[in-house]
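Structure file entry.csv; described as CSV, C-alpha atoms.
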chain,number,residue,atom,x,y,z
L,125,MET,CA,22.1,1.6,-4.2
L,126,THR,CA,23.2,-1.6,-2.5
L,127,PHE,CA,20.9,-3.9,-0.5
L,128,VAL,CA,22.4,-2.7,2.8
L,129,GLN,CA,21.9,1.0,2.0
L,130,ASN,CA,18.2,0.2,1.2
L,131,LEU,CA,18.0,-1.7,4.5
L,132,THR,CA,19.4,1.3,6.3
L,133,LEU,CA,16.7,3.5,4.8
L,134,PHE,CA,14.1,0.9,5.8
L,135,VAL,CA,15.2,0.7,9.4
L,136,LEU,CA,15.5,4.5,9.9
L,137,ALA,CA,12.1,5.2,8.2
L,138,ALA,CA,10.5,2.6,10.5
L,139,PHE,CA,11.7,4.5,13.5
L,140,VAL,CA,10.5,7.8,12.1
L,141,GLY,CA,7.1,6.2,11.4
L,142,TYR,CA,7.0,4.8,14.9
L,143,GLU,CA,7.8,8.1,16.5
L,144,ILE,CA,5.6,10.6,14.6
L,145,ILE,CA,2.3,8.8,15.7
L,146,THR,CA,1.8,9.9,19.3
L,147,LYS,CA,-1.4,11.0,20.9
L,148,ILE,CA,-4.2,11.4,18.3
L,149,PRO,CA,-7.7,12.5,19.1
L,150,THR,CA,-10.1,9.7,18.3
L,151,ASN,CA,-12.0,11.6,15.6
L,152,LEU,CA,-8.7,11.9,13.6
L,153,HIS,CA,-8.1,8.1,13.5
L,154,THR,CA,-10.0,7.5,10.3
L,155,PRO,CA,-8.7,10.6,8.4
L,156,LEU,CA,-5.1,9.7,9.5
L,157,MET,CA,-5.6,6.1,8.3
L,158,SER,CA,-7.0,7.5,5.0
L,159,GLY,CA,-4.1,9.9,4.6
L,160,ALA,CA,-1.5,7.2,5.4
L,161,ASN,CA,-3.3,4.9,2.9
L,162,ALA,CA,-2.9,7.6,0.2
L,163,ILE,CA,0.8,7.7,0.9
L,164,SER,CA,1.1,3.9,0.5
L,165,GLY,CA,-0.1,4.6,-3.0
L,166,ILE,CA,3.5,5.6,-3.6
L,167,THR,CA,3.7,2.2,-5.2
L,168,LEU,CA,2.4,4.2,-8.2
L,169,LEU,CA,6.0,5.2,-8.9
L,170,GLY,CA,7.0,1.5,-9.3
L,171,SER,CA,3.9,1.0,-11.5
L,172,VAL,CA,4.9,3.9,-13.7
L,173,VAL,CA,8.5,2.7,-14.1
L,174,VAL,CA,7.4,-0.9,-14.9
L,175,ALA,CA,4.5,0.1,-17.2
L,176,GLY,CA,6.6,2.6,-19.1
L,177,SER,CA,9.7,0.4,-19.6
L,178,GLY,CA,8.1,-3.1,-20.0
L,179,SER,CA,9.8,-4.9,-22.8
L,180,THR,CA,7.1,-7.5,-23.2
L,181,THR,CA,3.4,-7.1,-23.8
L,182,LEU,CA,2.7,-9.0,-20.5
L,183,ALA,CA,4.9,-6.8,-18.4
L,184,THR,CA,3.3,-3.7,-20.0
L,185,ALA,CA,-0.2,-5.0,-19.4
L,186,LEU,CA,0.5,-5.9,-15.8
L,187,GLY,CA,2.1,-2.4,-15.4
L,188,PHE,CA,-1.0,-0.7,-16.9
L,189,VAL,CA,-3.4,-2.4,-14.5
L,190,ALA,CA,-1.0,-1.6,-11.6
L,191,VAL,CA,-0.9,2.1,-12.6
L,192,VAL,CA,-4.7,2.3,-12.8
L,193,MET,CA,-5.1,0.7,-9.3
L,194,ALA,CA,-2.3,2.8,-7.7
L,195,THR,CA,-3.7,6.0,-9.2
L,196,VAL,CA,-7.2,5.2,-7.8
L,197,ASN,CA,-5.5,4.7,-4.4
L,198,VAL,CA,-3.5,8.0,-4.6
L,199,VAL,CA,-6.1,10.4,-6.1
L,200,GLY,CA,-9.1,8.8,-4.2
L,201,GLY,CA,-7.2,8.5,-1.0
L,202,TYR,CA,-6.1,12.2,-0.8
L,203,LEU,CA,-9.6,13.4,-1.8
L,204,VAL,CA,-11.5,11.3,0.7
L,205,SER,CA,-9.1,12.3,3.5
L,206,HIS,CA,-9.7,16.0,2.5
L,207,PHE,CA,-13.5,15.6,2.5
L,208,MET,CA,-13.4,13.8,5.9
L,209,LEU,CA,-11.3,16.6,7.5
L,210,ASP,CA,-13.6,19.2,5.9
L,211,GLN,CA,-16.6,17.7,7.6
L,212,PHE,CA,-14.8,17.7,11.0
L,213,SER,CA,-13.9,21.3,10.7
L,214,GLN,CA,-17.5,22.2,9.7
L,215,ARG,CA,-18.9,20.2,12.6
L,216,GLY,CA,-16.5,22.1,15.0
L,217,LYS,CA,-17.9,25.5,14.0
Z,4,MET,CA,15.3,7.3,-25.6
Z,5,ALA,CA,15.6,8.5,-22.1
Z,6,GLY,CA,13.0,10.5,-20.2
Z,7,VAL,CA,12.7,14.3,-20.5
Z,8,LEU,CA,14.9,14.9,-17.4
Z,9,GLY,CA,16.9,11.7,-18.0
Z,10,GLY,CA,20.1,13.6,-19.1
Z,11,LEU,CA,20.5,15.1,-15.6
Z,12,PRO,CA,22.7,13.4,-13.0
Z,13,ASP,CA,21.0,10.7,-10.9
Z,14,SER,CA,21.5,12.9,-7.8
Z,15,VAL,CA,18.8,15.2,-9.0
Z,16,LEU,CA,16.2,12.4,-9.0
Z,17,GLN,CA,17.4,11.3,-5.6
Z,18,PHE,CA,17.2,14.9,-4.3
Z,19,ALA,CA,13.6,15.2,-5.5
Z,20,TYR,CA,12.8,11.9,-3.8
Z,21,LEU,CA,14.3,13.3,-0.6
Z,22,ILE,CA,12.0,16.3,-0.8
Z,23,ALA,CA,9.0,14.1,-1.3
Z,24,SER,CA,10.0,11.9,1.7
Z,25,VAL,CA,10.3,15.0,4.0
Z,26,LEU,CA,6.9,16.2,2.8
Z,27,PHE,CA,5.4,12.8,3.6
Z,28,ILE,CA,6.9,12.8,7.2
Z,29,GLN,CA,5.8,16.4,7.9
Z,30,GLY,CA,2.3,15.7,6.3
Z,31,LEU,CA,1.8,12.6,8.5
Z,32,ARG,CA,2.9,14.5,11.6
Z,33,ASP,CA,0.5,17.4,10.9
Z,34,MET,CA,-2.4,15.0,10.4
Z,35,THR,CA,-2.2,13.9,14.1
Z,36,HIS,CA,-3.3,17.4,15.3
Z,37,PRO,CA,-6.8,18.7,14.7
Z,38,ARG,CA,-5.7,22.2,13.7
Z,39,THR,CA,-3.0,21.2,11.2
Z,40,ALA,CA,-4.7,18.0,9.8
Z,41,THR,CA,-6.0,19.5,6.6
Z,42,ARG,CA,-2.7,21.2,5.9
Z,43,GLY,CA,-0.9,17.9,6.6
Z,44,ASN,CA,-3.0,16.1,4.0
Z,45,GLY,CA,-2.1,18.8,1.5
Z,46,ILE,CA,1.6,18.7,2.2
Z,47,SER,CA,1.6,14.9,1.8
Z,48,ALA,CA,-0.3,15.2,-1.5
Z,49,LEU,CA,2.3,17.8,-2.7
Z,50,GLY,CA,5.0,15.2,-1.9
Z,51,MET,CA,3.2,12.6,-3.9
Z,52,PHE,CA,2.8,15.0,-6.9
Z,53,ILE,CA,6.5,15.8,-6.9
Z,54,ALA,CA,7.5,12.1,-6.7
Z,55,VAL,CA,5.1,11.0,-9.5
Z,56,ALA,CA,5.9,14.0,-11.8
Z,57,VAL,CA,9.7,13.6,-11.5
Z,58,THR,CA,9.4,9.8,-12.0
Z,59,VAL,CA,7.2,10.2,-15.1
Z,60,LEU,CA,9.7,12.8,-16.6
Z,61,TRP,CA,12.8,10.9,-15.6
Z,62,PHE,CA,12.4,7.4,-16.7
Z,63,GLU,CA,12.4,6.0,-20.1
Z,64,ILE,CA,8.8,5.6,-21.1
Z,65,LEU,CA,8.4,3.3,-24.1
Z,66,SER,CA,4.7,3.8,-24.4
Z,67,PRO,CA,3.7,7.3,-23.1
Z,68,LEU,CA,0.1,6.9,-24.5
Z,69,VAL,CA,-0.4,3.7,-22.4
Z,70,LEU,CA,0.9,5.4,-19.3
Z,71,ALA,CA,-1.2,8.6,-19.8
Z,72,ALA,CA,-4.3,6.5,-20.4
Z,73,ALA,CA,-3.7,4.5,-17.2
Z,74,LEU,CA,-3.1,7.6,-15.1
Z,75,LEU,CA,-6.3,9.2,-16.5
Z,76,VAL,CA,-8.5,6.2,-16.0
Z,77,GLY,CA,-7.2,5.6,-12.5
Z,78,GLY,CA,-7.4,9.3,-11.5
Z,79,GLY,CA,-10.9,9.5,-12.9
Z,80,ILE,CA,-12.2,6.5,-11.1
Z,81,GLY,CA,-10.5,7.6,-7.8
Z,82,ALA,CA,-11.8,11.1,-8.0
Z,83,TRP,CA,-15.3,10.0,-9.0
Z,84,LEU,CA,-15.6,7.5,-6.1
Z,85,ALA,CA,-14.2,10.1,-3.6
Z,86,VAL,CA,-16.6,12.8,-4.8
Z,87,THR,CA,-19.8,10.7,-5.0
Z,88,VAL,CA,-19.3,8.7,-1.8
Z,89,GLU,CA,-21.7,9.2,1.1
Z,90,THR,CA,-20.1,10.3,4.4
Z,91,THR,CA,-21.2,7.1,6.2
Z,92,GLU,CA,-19.6,5.0,3.4
Z,93,MET,CA,-16.1,6.6,3.6
Z,94,PRO,CA,-14.5,3.9,5.8
Z,95,GLN,CA,-15.2,1.1,3.3
Z,96,LEU,CA,-14.0,3.3,0.4
Z,97,VAL,CA,-10.7,3.8,2.3
Z,98,GLY,CA,-10.6,0.0,2.6
Z,99,LEU,CA,-11.2,-0.4,-1.1
Z,100,PHE,CA,-8.5,2.2,-2.1
Z,101,ASN,CA,-6.1,0.4,0.3
Z,102,GLY,CA,-6.7,-2.9,-1.4
Z,103,PHE,CA,-5.9,-1.3,-4.8
Z,104,GLY,CA,-2.6,-0.1,-3.5
Z,105,GLY,CA,-1.6,-3.5,-2.2
Z,106,GLY,CA,-2.7,-5.2,-5.4
Z,107,ALA,CA,-0.7,-2.7,-7.4
Z,108,SER,CA,2.4,-3.6,-5.4
Z,109,ALA,CA,1.9,-7.3,-6.1
Z,110,LEU,CA,1.4,-6.7,-9.8
Z,111,VAL,CA,4.5,-4.4,-10.0
Z,112,ALA,CA,6.7,-7.0,-8.5
Z,113,GLY,CA,5.3,-9.6,-10.9
Z,114,ALA,CA,5.7,-7.4,-13.9
Z,115,GLU,CA,9.4,-6.6,-12.9
Z,116,LEU,CA,10.1,-10.4,-12.7
Z,117,VAL,CA,8.5,-11.1,-16.1
Z,118,ASP,CA,10.4,-8.1,-17.5
Z,119,LEU,CA,13.8,-9.2,-16.1
Z,120,THR,CA,13.5,-12.8,-17.3
Z,121,ALA,CA,12.3,-11.6,-20.8
Z,122,THR,CA,15.4,-9.4,-21.2
Z,123,GLY,CA,17.6,-12.3,-20.0
Z,124,SER,CA,19.2,-10.1,-17.2
Z,125,GLY,CA,18.6,-12.9,-14.7
Z,126,LEU,CA,17.0,-12.6,-11.3
Z,127,PRO,CA,19.4,-12.0,-8.3
Z,128,VAL,CA,18.3,-13.3,-4.9
Z,129,GLY,CA,17.7,-9.8,-3.6
Z,130,VAL,CA,15.1,-9.2,-6.3
Z,131,THR,CA,13.3,-12.6,-6.1
Z,132,ALA,CA,13.2,-12.6,-2.3
Z,133,THR,CA,11.7,-9.1,-2.0
Z,134,ALA,CA,9.4,-9.7,-4.9
Z,135,ALA,CA,8.0,-12.8,-3.1
Z,136,ILE,CA,7.4,-10.7,0.1
Z,137,ALA,CA,5.8,-7.9,-1.9
Z,138,GLY,CA,3.6,-10.5,-3.7
Z,139,ILE,CA,2.4,-12.2,-0.5
Z,140,ILE,CA,1.8,-9.0,1.4
Z,141,GLY,CA,0.2,-7.2,-1.6
Z,142,SER,CA,-2.2,-10.1,-2.4
Z,143,VAL,CA,-3.2,-10.5,1.3
Z,144,THR,CA,-3.8,-6.7,1.4
Z,145,PHE,CA,-5.8,-6.7,-1.8
Z,146,TRP,CA,-8.2,-9.6,-1.0
Z,147,GLY,CA,-8.4,-8.8,2.7
Z,148,SER,CA,-9.3,-5.2,2.0
Z,149,LEU,CA,-12.0,-6.2,-0.5
Z,150,VAL,CA,-13.6,-8.5,2.1
Z,151,ALA,CA,-13.3,-5.8,4.8
Z,152,ALA,CA,-14.8,-3.2,2.6
Z,153,GLY,CA,-17.5,-5.7,1.6
Z,154,LYS,CA,-18.4,-6.4,5.2
Z,155,LEU,CA,-18.6,-2.7,6.0
Z,156,HIS,CA,-20.8,-2.2,2.9
Z,157,GLY,CA,-23.1,-5.1,3.9
Z,158,LEU,CA,-22.1,-7.2,0.8
Z,159,VAL,CA,-20.3,-9.9,2.9
Z,160,GLY,CA,-21.8,-11.3,6.1
Z,161,GLY,CA,-20.7,-9.1,9.0
Z,162,SER,CA,-21.0,-11.6,11.8
Z,163,PRO,CA,-17.8,-13.1,13.3
Z,164,VAL,CA,-17.4,-16.9,12.6
Z,165,SER,CA,-14.8,-19.1,14.1
Z,166,SER,CA,-14.1,-22.5,12.6
Z,167,ASN,CA,-11.3,-25.0,12.8
Z,168,VAL,CA,-11.6,-25.6,9.0
Z,169,GLY,CA,-10.8,-21.9,8.5
Z,170,HIS,CA,-7.6,-22.2,10.6
Z,171,VAL,CA,-6.5,-25.2,8.6
Z,172,ILE,CA,-7.1,-23.4,5.3
Z,173,LYS,CA,-5.2,-20.3,6.5
Z,174,ALA,CA,-2.2,-22.5,7.6
Z,175,VAL,CA,-2.2,-24.4,4.3
Z,176,CYS,CA,-2.3,-21.2,2.3
Z,177,LEU,CA,0.4,-19.6,4.3
Z,178,VAL,CA,2.7,-22.6,3.9
Z,179,ALA,CA,1.9,-22.8,0.1
Z,180,ALA,CA,2.6,-19.1,-0.3
Z,181,LEU,CA,6.0,-19.4,1.5
Z,182,ALA,CA,6.8,-22.5,-0.5
Z,183,GLY,CA,6.1,-20.6,-3.7
Z,184,GLY,CA,8.4,-17.8,-2.4
Z,185,VAL,CA,11.2,-20.3,-1.7
Z,186,ALA,CA,10.8,-21.9,-5.1
Z,187,LEU,CA,11.0,-18.5,-6.7
Z,188,VAL,CA,14.3,-17.7,-4.9
Z,189,VAL,CA,15.9,-21.2,-5.4
Z,190,GLN,CA,14.8,-21.6,-9.1
Z,191,PRO,CA,14.0,-18.2,-10.5
Z,192,GLY,CA,14.2,-19.4,-14.1
Z,193,PHE,CA,16.2,-17.5,-16.6
Z,194,ALA,CA,14.7,-18.5,-19.9
Z,195,GLY,CA,13.4,-15.8,-22.2
Z,196,GLY,CA,9.7,-15.3,-22.0
Z,197,ASP,CA,9.5,-17.3,-18.7
Z,198,LEU,CA,6.3,-16.4,-16.9
Z,199,VAL,CA,7.8,-17.1,-13.5
Z,200,PRO,CA,5.0,-19.6,-12.5
Z,201,SER,CA,6.1,-19.9,-8.9
Z,202,TYR,CA,5.3,-16.2,-8.4
Z,203,TRP,CA,1.8,-16.6,-9.7
Z,204,PHE,CA,1.3,-19.7,-7.6
Z,205,LEU,CA,2.4,-17.6,-4.5
Z,206,ILE,CA,-0.1,-14.9,-5.5
Z,207,VAL,CA,-3.0,-17.3,-5.7
Z,208,ALA,CA,-2.1,-18.9,-2.3
Z,209,ALA,CA,-1.7,-15.5,-0.6
Z,210,SER,CA,-5.0,-14.3,-2.2
Z,211,VAL,CA,-7.0,-17.2,-0.6
Z,212,LEU,CA,-5.1,-16.5,2.7
Z,213,GLY,CA,-6.1,-12.9,2.6
Z,214,ILE,CA,-9.8,-13.8,2.1
Z,215,PHE,CA,-9.8,-16.4,4.9
Z,216,LEU,CA,-7.9,-14.0,7.3
Z,217,VAL,CA,-10.7,-11.4,7.2
Z,218,VAL,CA,-13.9,-13.4,6.7
Z,219,PRO,CA,-14.0,-14.7,10.3
Z,220,ILE,CA,-13.6,-11.2,11.8
Z,221,GLY,CA,-16.7,-9.4,12.9
Z,222,GLY,CA,-17.9,-6.2,11.2
Z,223,ALA,CA,-17.4,-4.1,14.2
Z,224,ASP,CA,-13.6,-4.7,14.1
Z,225,MET,CA,-13.4,-3.8,10.4
Z,226,PRO,CA,-11.9,-0.3,11.0
Z,227,VAL,CA,-9.0,-1.8,12.9
Z,228,VAL,CA,-8.6,-4.5,10.2
Z,229,ILE,CA,-8.4,-1.8,7.5
Z,230,ALA,CA,-5.9,0.1,9.6
Z,231,LEU,CA,-3.8,-3.0,9.9
Z,232,LEU,CA,-4.1,-3.8,6.2
Z,233,ASN,CA,-3.1,-0.2,5.5
Z,234,SER,CA,0.1,-0.9,7.4
Z,235,TYR,CA,0.6,-4.0,5.3
Z,236,SER,CA,0.1,-2.1,2.0
Z,237,GLY,CA,2.8,0.3,3.2
Z,238,LEU,CA,5.1,-2.7,3.8
Z,239,ALA,CA,4.2,-4.1,0.3
Z,240,ALA,CA,5.2,-0.7,-1.2
Z,241,ALA,CA,8.5,-0.7,0.7
Z,242,THR,CA,9.4,-4.2,-0.4
Z,243,THR,CA,8.5,-3.2,-4.0
Z,244,GLY,CA,11.1,-0.4,-3.4
Z,245,PHE,CA,13.7,-3.1,-2.7
Z,246,VAL,CA,12.8,-4.9,-5.9
Z,247,LEU,CA,13.1,-1.7,-8.0
Z,248,ASN,CA,15.9,-0.1,-6.0
Z,249,ASN,CA,13.7,3.0,-5.4
Z,250,THR,CA,14.5,5.1,-2.3
Z,251,VAL,CA,11.2,7.0,-1.9
Z,252,LEU,CA,9.2,3.8,-2.2
Z,253,ILE,CA,11.2,2.3,0.6
Z,254,VAL,CA,10.9,5.5,2.8
Z,255,ALA,CA,7.3,6.3,2.2
Z,256,GLY,CA,6.2,2.6,2.3
Z,257,THR,CA,8.0,2.0,5.6
Z,258,LEU,CA,6.6,5.2,7.1
Z,259,VAL,CA,3.1,4.0,6.4
Z,260,GLY,CA,4.0,0.4,7.6
Z,261,ALA,CA,5.3,1.6,10.9
Z,262,SER,CA,2.9,4.5,11.6
Z,263,GLY,CA,0.0,2.4,10.4
Z,264,LEU,CA,0.9,-0.3,12.9
Z,265,ILE,CA,1.0,2.2,15.8
Z,266,LEU,CA,-2.3,3.7,14.6
Z,267,THR,CA,-3.8,0.2,14.6
Z,268,VAL,CA,-2.7,-0.4,18.2
Z,269,ILE,CA,-4.1,3.0,19.3
Z,270,MET,CA,-7.4,2.2,17.5
Z,271,CYS,CA,-7.5,-1.2,19.2
Z,272,GLU,CA,-7.0,0.5,22.6
Z,273,SER,CA,-9.7,3.1,22.1
Z,274,MET,CA,-12.1,0.3,21.2
Z,275,ASN,CA,-10.9,-1.9,24.1
Z,276,ARG,CA,-9.8,-4.7,21.7
Z,277,SER,CA,-6.5,-6.6,21.8
Z,278,LEU,CA,-4.3,-6.5,18.7
Z,279,THR,CA,-3.6,-10.2,18.8
Z,280,ASN,CA,-7.3,-10.8,18.5
Z,281,VAL,CA,-7.5,-8.8,15.4
Z,282,LEU,CA,-4.2,-10.1,14.0
Z,283,PHE,CA,-5.1,-13.8,14.3
Z,284,GLY,CA,-8.7,-13.4,13.5
Z,285,GLY,CA,-10.9,-15.7,15.5
Z,286,LEU,CA,-8.0,-17.7,16.8
Z,287,GLY,CA,-7.9,-17.1,20.5
Z,288,GLY,CA,-11.0,-14.8,20.6
Z,289,ASP,CA,-13.8,-16.1,22.9
Z,290,ASP,CA,-15.2,-12.5,23.0
Z,291,GLU,CA,-15.6,-12.6,19.2
Z,292,MET,CA,-18.3,-15.3,19.5
Z,293,ALA,CA,-20.9,-12.8,20.5

Spit out the file's structure as structure tokens when you get a sec.
Amino acid sequence: MTFVQNLTLFVLAAFVGYEIITKIPTNLHTPLMSGANAISGITLLGSVVVAGSGSTTLATALGFVAVVMATVNVVGGYLVSHFMLDQFSQRGK
Amino acid sequence: MAGVLGGLPDSVLQFAYLIASVLFIQGLRDMTHPRTATRGNGISALGMFIAVAVTVLWFEILSPLVLAAALLVGGGIGAWLAVTVETTEMPQLVGLFNGFGGGASALVAGAELVDLTATGSGLPVGVTATAAIAGIIGSVTFWGSLVAAGKLHGLVGGSPVSSNVGHVIKAVCLVAALAGGVALVVQPGFAGGDLVPSYWFLIVAASVLGIFLVVPIGGADMPVVIALLNSYSGLAAATTGFVLNNTVLIVAGTLVGASGLILTVIMCESMNRSLTNVLFGGLGGDDEMA
């Protein structure tokens, strides 16, 4: 992948992200923020690659901490979003 | 030794990443409607599972035990926090999680720099420049989110403060962080075992910047601040994708960066706040002096 190809992905994804968020009911603001936050934990992939392939102790140690932090973000983020939405659906009944 | 799936052509990995990207987009879109929101969260989680599983099985993992331990520890902490949290404390928990994501991006970029110099492969401008951006945004997100979560939790003073000293500190830190970034690009250092000092200097400057950006903002604005920092952590992940040449990192990170920014604007509007006010802290905000 060249830099320009990566840049193409970046620009197109920015437009998609811009377009999919339209009118949202106020009570979904926080769950959506939480769900998007869980997706930003995608940085876990980078952490996994670096932690696993680190050729020095320092790189592996940094990668280890990064994997722990990113996994907290991913697992916690999806669970909290789910619990939030659960409560909204119960309140609606 | 390559990963379990490492013998397959690269297009298989890219195809799995494409599926994950589509699931993220559909999941986010579903989360904007009350009836489909829960399903959307599940779809997005499935995308994440596919992306992580394929990555773990694909890449050469020199220390599988270390990786497994990190995944278990992180997953355990995340699940425990999510399950035990009180409903009223969920917003600050989201802020905390968000900070962790940003911090991870900054660490990954740093680890990649250290790794590249250690193996003597050199640091091309594309890598150092994007690593500098990931480092700055990631550190600002980490410390800013910690302060925001602390304010919501009552650990940090919630009242808005506006001081000229604060603005000077912010300006100095921003200039220092950018100078560190330029130094990293101009003189990346190729010696084996080089610790890339300019990167860590940049991290410290951006960390102080992140703290001073959020401290002056009043507690009532914290949900908007966390939404904005969430957008930042998406951008940090996207720039990390540039550093590592990873397509799904770029797509998912950018998605969150863009949609998070729109969500921030929408949240501002529903609270009758202006985004510039939140963006620049107390800068032009007379109404924050309440």

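One finds atom CA of Z:Leu205 at 25.9 Å from atom CA of Z:Leu258.
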
Next on the checklist: Can you pull out the residues contacting Z:Phe215? Cut-off 7 Å, using all atoms listed in the file, and skip same-chain residues under 4 positions away; I want them as a PyMOL selection string.
Outcome noted: chain Z and resi 169+173+211

Next on the checklist: So that I can see what lies close to L:Gly187, please list as a VMD selection string the residues with an atom at most 12 Å from it, counting all atoms listed in the file and leaving out residues fewer than 5 positions away in the same chain.
Outcome noted: (chain L and resid 167 to 182 192 to 195) or (chain Z and resid 64 66 69 to 70 73 to 74 106 to 118)

For stretch 155-209 of chain L versus stretch 261-273 of chain Z, which residues have an atom no more than 9 Å away, and what is each residue's nearest atom pair and distance in Å rounded to one decimal, using all atoms listed in the file, chain-then-number order, as a tab-separated table?
residue	atom	partner	partner_atom	distance
L:Leu156	CA	Z:Leu266	CA	8.4
L:Met157	CA	Z:Gly263	CA	7.0
L:Ala160	CA	Z:Gly263	CA	7.1
L:Asn161	CA	Z:Gly263	CA	8.6

Using C-alpha atoms, can you write the selected residues to a file as an mmCIF file, in the coordinates of the input?
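Result file out_29.cif:
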data_model
loop_
_atom_site.group_PDB
_atom_site.id
_atom_site.type_symbol
_atom_site.label_atom_id
_atom_site.label_comp_id
_atom_site.auth_asym_id
_atom_site.auth_seq_id
_atom_site.Cartn_x
_atom_site.Cartn_y
_atom_site.Cartn_z
ATOM 1 C CA LEU L 156 -5.100 9.700 9.500
ATOM 2 C CA MET L 157 -5.600 6.100 8.300
ATOM 3 C CA ALA L 160 -1.500 7.200 5.400
ATOM 4 C CA ASN L 161 -3.300 4.900 2.900
#

Item to check | Best match for closeness to Z:Thr58 among L:Ile166, L:Leu209, L:Leu136, L:Val189, counting all atoms listed in the file | outcome: L:Ile166

Checklist entry - Which value, in Å to one decimal, gives the distance between atom CA of L:Ser213 and atom CA of Z:Ala40? => result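 If I compute the distance from atom CA of L:Ser213 to atom CA of Z:Ala40, I get 9.8 Å.
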
Checklist entry - Looking at only C-alpha atoms, which of L:Val140, L:Thr184, L:Lys147, L:Thr154 is the one that sits closest to Z:Met93? => result L:Thr154

Checklist entry - Please, what distance in Å, to one decimal, runs between atom CA of L:Val204 and atom CA of Z:Ala85? => result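 Those two atoms sit 5.2 Å apart.
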
Checklist entry - Counting all atoms listed in the file, which of L:Ser205, L:Asn197, L:Ser158, L:Ser164 gets nearest to Z:Pro226? => result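 For Z:Pro226, the nearest of the given residues is L:Ser158.
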
Checklist entry - Residues at most 8 Å from L:Val196, counting all atoms listed in the file, excluding those fewer than 4 positions away in the same chain, as JSON, numbers by chain? => result {"L": [192, 200, 201], "Z": [77, 78, 79, 80, 81, 82, 100, 103]}

Checklist outcome for this item: Between Z:Gly105, Z:Ile22, Z:Val189, Z:Ala179, smallest distance to L:Ala190 by all atoms listed in the file belongs to Z:Gly105

Item to check | Surrounding residues of Z:Ile46 excluding itself and chain neighbours under 3 positions, 8 Å, only C-alpha atoms, as JSON, numbers by chain | outcome: {"Z": [26, 27, 29, 30, 42, 43, 49, 50]}

Could you please take those selected residues and save C-alpha atoms as a CSV table (one decimal), in the coordinates of the input?
chain,number,residue,atom,x,y,z
Z,26,LEU,CA,6.9,16.2,2.8
Z,27,PHE,CA,5.4,12.8,3.6
Z,29,GLN,CA,5.8,16.4,7.9
Z,30,GLY,CA,2.3,15.7,6.3
Z,42,ARG,CA,-2.7,21.2,5.9
Z,43,GLY,CA,-0.9,17.9,6.6
Z,49,LEU,CA,2.3,17.8,-2.7
Z,50,GLY,CA,5.0,15.2,-1.9

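With all atoms listed in the file as the atoms that count, the residue of Z:Thr91, Z:Asn101, Z:Gln190, Z:Thr242 with the shortest distance to chain L is Z:Asn101.
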
Checklist entry - What residues have an atom no more than 6 Å from (0.5, -13.7, 1.1) in the file's own frame, counting all atoms listed in the file, and can you write them as a PyMOL selection string? => result chain Z and resi 139-140+142-143+180+209
